[in-house]
Amino acid sequence: MPFARLATATTPTCHLGLGLAAVGRPGYITLGRDRDLPADRSVDALRARTHELLDAAYAQGVRYLDAARPYGRSEKFLADWLAARPDVTDVVVGSKWGYTYTAGWSAHAETHEVKDHSLATYERQRAEPDALLGDRLDLYQIHSVTPDSPALTDKELHARLAEAAAAGLTVGFSTSGPAQADAIRAAVEVTVDGTPLFRTVQSTYNALETSAGPALAQAHDAGLTVIVKEGMANGRLAEPHAPAALRAVAEETGLGCDAVALALVLRQPWAGVVLSGAATAAQLASNLHAAAVDLDEDQLARLATLAEEPGAYWERRAQLPWN
């Protein structure tokens, strides 16, 4: 499996990846993004910012890069970066299908993305990263699977995904919403001709939303690589929004709230890759300090008090503004 190349990475930051959700399009729901992105949010400006982040991430040992169809032009920006750097042969590239970007390059669109997990959408979207990334695409994931997603039961879709896996592509899925654990457990049970279909799972897990933890541990035990997204809770765990307990632990470690928040995820024994969603090179450098954070039992106990009820967490997330 191409994704298995990550197992050979030995840099201190090899378990940290870079997600392009916030820089592949002019608007996202991360708090403070209005300040993080340049005033000029043209395609050229965000391409330059994306390439700056990719350069910085690679130089600091990051080897997993994560894009998606609805992330504006993230796949195109990543493809351009890879084409300009033919010497970069050791990164693992993931993308996702299942949403269509509909914002028309506006941060203030009424609808930014439309979800559809049908076979027709897969067939249409599958050709797009092929054209951009070619054989550089290692991992292709179903985007934001929930327990009611037809992607969990569509046998024809499963067969097509299995064909892609047989041709060398790693097939995975991501989850979202308060019932992530149910979606994870259901997806792990999906098989084609007796063989498990999915080899990776990407889920939201952070100090505020820990409900998927047991299911992710089960997925890991079943042989799936776990990728964690939204470790910063869309900016809620970054200064100046971080809760007091996190700020106190960060002060004790001498590092940022972001590094501590990501370190909390990295220490989970089932966490294979933890994504940074940085929008600036300075944020990325601070995020990557997570690899050096050592939390003691007292600090972990204090951070554990931050966990919210899943329904409340996801309701709050749904209220975050695009900016």
# chains A, B, ... in the order shown; residues from 1 in each chain; ligands from 1

call {"tool": "closest_atom_pairs", "arguments": {"of": "range 115-198 of chain A", "to": "range 59-83 of chain A", "cutoff": "12 Å", "atoms": "only C-alpha atoms", "output": "CSV"}}
result
residue,atom,partner,partner_atom,distance
A:Lys115,CA,A:Pro70,CA,9.3
A:Asp116,CA,A:Pro70,CA,11.5
A:Thr121,CA,A:Arg69,CA,11.1
A:Tyr122,CA,A:Arg69,CA,10.9
A:Arg124,CA,A:Arg69,CA,11.1
A:Gln125,CA,A:Arg69,CA,7.6
A:Arg126,CA,A:Arg69,CA,9.6
A:Ala127,CA,A:Arg69,CA,11.1
A:Glu128,CA,A:Arg69,CA,8.4
A:Pro129,CA,A:Glu75,CA,6.8
A:Asp130,CA,A:Glu75,CA,10.1
A:Ala131,CA,A:Ala79,CA,9.6
A:Leu132,CA,A:Ala79,CA,5.9
A:Leu133,CA,A:Ala79,CA,5.5
A:Gly134,CA,A:Ala79,CA,8.9
A:Asp135,CA,A:Ala79,CA,10.9
A:Arg136,CA,A:Leu82,CA,8.5
A:Leu137,CA,A:Ala79,CA,9.5
A:Asp138,CA,A:Tyr64,CA,10.0
A:Leu139,CA,A:Asp66,CA,9.1
A:Tyr140,CA,A:Ala68,CA,9.0
A:Gln141,CA,A:Ala68,CA,8.7
A:Ile142,CA,A:Ala68,CA,9.7
A:His143,CA,A:Ala68,CA,8.1
A:Ser144,CA,A:Ala68,CA,11.0
A:Phe173,CA,A:Ala68,CA,11.8
A:Ser174,CA,A:Ala68,CA,11.0

call {"tool": "closest_atom_pairs", "arguments": {"of": "range 180-211 of chain A", "to": "range 298-315 of chain A", "cutoff": "6 Å", "atoms": "only C-alpha atoms", "output": "JSON lines"}}
result
{"residue": "A:Ala207", "atom": "CA", "partner": "A:Ala307", "partner_atom": "CA", "distance": 5.8}
{"residue": "A:Leu208", "atom": "CA", "partner": "A:Ala307", "partner_atom": "CA", "distance": 4.1}
{"residue": "A:Glu209", "atom": "CA", "partner": "A:Ala307", "partner_atom": "CA", "distance": 5.8}

call {"tool": "closest_atom_pairs", "arguments": {"of": "range 222-288 of chain A", "to": "range 182-199 of chain A", "cutoff": "10 Å", "atoms": "only C-alpha atoms", "output": "CSV"}}
result
residue,atom,partner,partner_atom,distance
A:Ala222,CA,A:Val188,CA,7.7
A:Gly223,CA,A:Arg199,CA,7.1
A:Leu224,CA,A:Arg199,CA,4.7
A:Thr225,CA,A:Arg199,CA,6.4
A:Val226,CA,A:Arg199,CA,8.9

call {"tool": "residues_around", "arguments": {"residues": "Leu119 in chain A", "least_positions_apart": "3", "cutoff": "10 Å", "atoms": "only C-alpha atoms", "output": "VMD selection string"}}
result
chain A and resid 98 116 122 to 125 150 to 151 154 to 158 160 to 161

call {"tool": "write_last_selection", "arguments": {"atoms": "N, CA and C atoms", "output": "tab-separated table (two decimals), in the first residue's frame"}}
result
chain	number	residue	atom	x	y	z
A	98	GLY	N	-16.63	13.22	-2.04
A	98	GLY	CA	-17.92	13.14	-1.38
A	98	GLY	C	-18.59	14.48	-1.13
A	116	ASP	N	-22.46	14.48	-1.05
A	116	ASP	CA	-23.14	13.44	-1.82
A	116	ASP	C	-22.21	12.23	-1.90
A	122	TYR	N	-18.72	9.65	-6.79
A	122	TYR	CA	-17.39	9.04	-6.75
A	122	TYR	C	-16.78	8.96	-8.14
A	123	GLU	N	-17.55	8.49	-9.11
A	123	GLU	CA	-17.01	8.33	-10.45
A	123	GLU	C	-16.63	9.68	-11.07
A	124	ARG	N	-17.43	10.69	-10.80
A	124	ARG	CA	-17.11	12.03	-11.33
A	124	ARG	C	-15.87	12.61	-10.65
A	125	GLN	N	-15.83	12.51	-9.34
A	125	GLN	CA	-14.73	13.14	-8.62
A	125	GLN	C	-13.45	12.34	-8.68
A	150	PRO	N	-24.96	6.56	2.76
A	150	PRO	CA	-25.10	5.41	1.85
A	150	PRO	C	-23.77	4.75	1.53
A	151	ALA	N	-22.68	5.44	1.79
A	151	ALA	CA	-21.36	4.86	1.52
A	151	ALA	C	-21.09	3.63	2.39
A	154	ASP	N	-23.65	0.81	0.20
A	154	ASP	CA	-23.73	0.72	-1.26
A	154	ASP	C	-22.70	-0.29	-1.77
A	155	LYS	N	-23.17	-1.49	-2.08
A	155	LYS	CA	-22.27	-2.57	-2.49
A	155	LYS	C	-21.57	-2.27	-3.81
A	156	GLU	N	-22.26	-1.58	-4.71
A	156	GLU	CA	-21.63	-1.24	-5.99
A	156	GLU	C	-20.50	-0.26	-5.78
A	157	LEU	N	-20.72	0.72	-4.90
A	157	LEU	CA	-19.65	1.66	-4.56
A	157	LEU	C	-18.49	0.91	-3.92
A	158	HIS	N	-18.79	0.00	-3.02
A	158	HIS	CA	-17.73	-0.77	-2.37
A	158	HIS	C	-16.89	-1.53	-3.40
A	160	ARG	N	-16.36	-0.72	-6.52
A	160	ARG	CA	-15.52	0.21	-7.25
A	160	ARG	C	-14.33	0.65	-6.41
A	161	LEU	N	-14.55	0.89	-5.12
A	161	LEU	CA	-13.45	1.27	-4.24
A	161	LEU	C	-12.46	0.13	-4.11

call {"tool": "residues_around", "arguments": {"residues": "range 262-278 of chain A", "least_positions_apart": "4", "cutoff": "6 Å", "atoms": "only C-alpha atoms", "output": "MDAnalysis selection string"}}
result
chainID A and resid 15:19 217 220 225:229 231 283:284 290

call {"tool": "residues_around", "arguments": {"residues": "range 33-49 of chain A", "least_positions_apart": "6", "cutoff": "7 Å", "atoms": "only C-alpha atoms", "output": "short mmCIF file (atom, residue, chain, number, x, y, z; two decimals) with N, CA, C and O atoms, in the first residue's frame"}}
result
data_model
loop_
_atom_site.label_atom_id
_atom_site.label_comp_id
_atom_site.auth_asym_id
_atom_site.auth_seq_id
_atom_site.Cartn_x
_atom_site.Cartn_y
_atom_site.Cartn_z
N VAL A 23 -6.36 26.74 3.67
CA VAL A 23 -5.62 27.59 2.74
C VAL A 23 -5.91 27.28 1.28
O VAL A 23 -5.42 27.97 0.39
N GLY A 24 -6.71 26.26 1.02
CA GLY A 24 -7.04 25.93 -0.36
C GLY A 24 -8.23 26.69 -0.90
O GLY A 24 -8.58 26.56 -2.06
N PRO A 26 -10.75 30.58 0.08
CA PRO A 26 -10.65 31.86 0.79
C PRO A 26 -11.34 31.92 2.14
O PRO A 26 -11.09 32.85 2.92
N PHE A 77 -3.25 23.19 -5.96
CA PHE A 77 -2.08 23.83 -5.33
C PHE A 77 -1.04 22.77 -4.96
O PHE A 77 0.17 22.97 -5.16
N ALA A 279 -2.35 27.98 9.05
CA ALA A 279 -2.52 28.87 7.90
C ALA A 279 -1.34 29.80 7.72
O ALA A 279 -1.28 30.53 6.72
N THR A 280 -0.39 29.78 8.67
CA THR A 280 0.83 30.57 8.55
C THR A 280 2.02 29.69 8.91
O THR A 280 1.88 28.70 9.64
N ASN A 323 -14.91 32.49 7.69
CA ASN A 323 -14.20 33.77 7.70
C ASN A 323 -12.89 33.66 6.93
O ASN A 323 -12.48 32.57 6.57
#

call {"tool": "closest_residue", "arguments": {"among": "A:Asn287, A:Ser118, A:Asn206, A:Asn234", "to": "Pro321 in chain A", "atoms": "only C-alpha atoms"}}
result
A:Asn234

call {"tool": "closest_residue", "arguments": {"among": "A:Ala4, A:Thr30, A:Ala22, A:Ala165", "to": "His241 in chain A", "atoms": "only C-alpha atoms"}}
result
A:Thr30

call {"tool": "select_by_dssp", "arguments": {"residues": "range 97-238 of chain A", "states": "helix (DSSP H, G or I)", "output": "ChimeraX atom specification"}}
result
/A:119-136,150-152,155-166,180-188,213-221,233-235

call {"tool": "atom_distance", "arguments": {"atom1": "CA of Tyr99 in chain A", "atom2": "CA of Val114 in chain A"}}
result
5.3 Å

call {"tool": "closest_residue", "arguments": {"among": "A:Tyr58, A:Gly172, A:Ala120, A:Ala291", "to": "Thr89 in chain A", "atoms": "only C-alpha atoms"}}
result
A:Tyr58

call {"tool": "closest_residue", "arguments": {"among": "A:Gly235, A:Gly27, A:Pro12, A:Gly94", "to": "Ala109 in chain A", "atoms": "only C-alpha atoms"}}
result
A:Gly27

call {"tool": "atom_distance", "arguments": {"atom1": "CA of Leu31 in chain A", "atom2": "CA of Ser211 in chain A"}}
result
22.3 Å
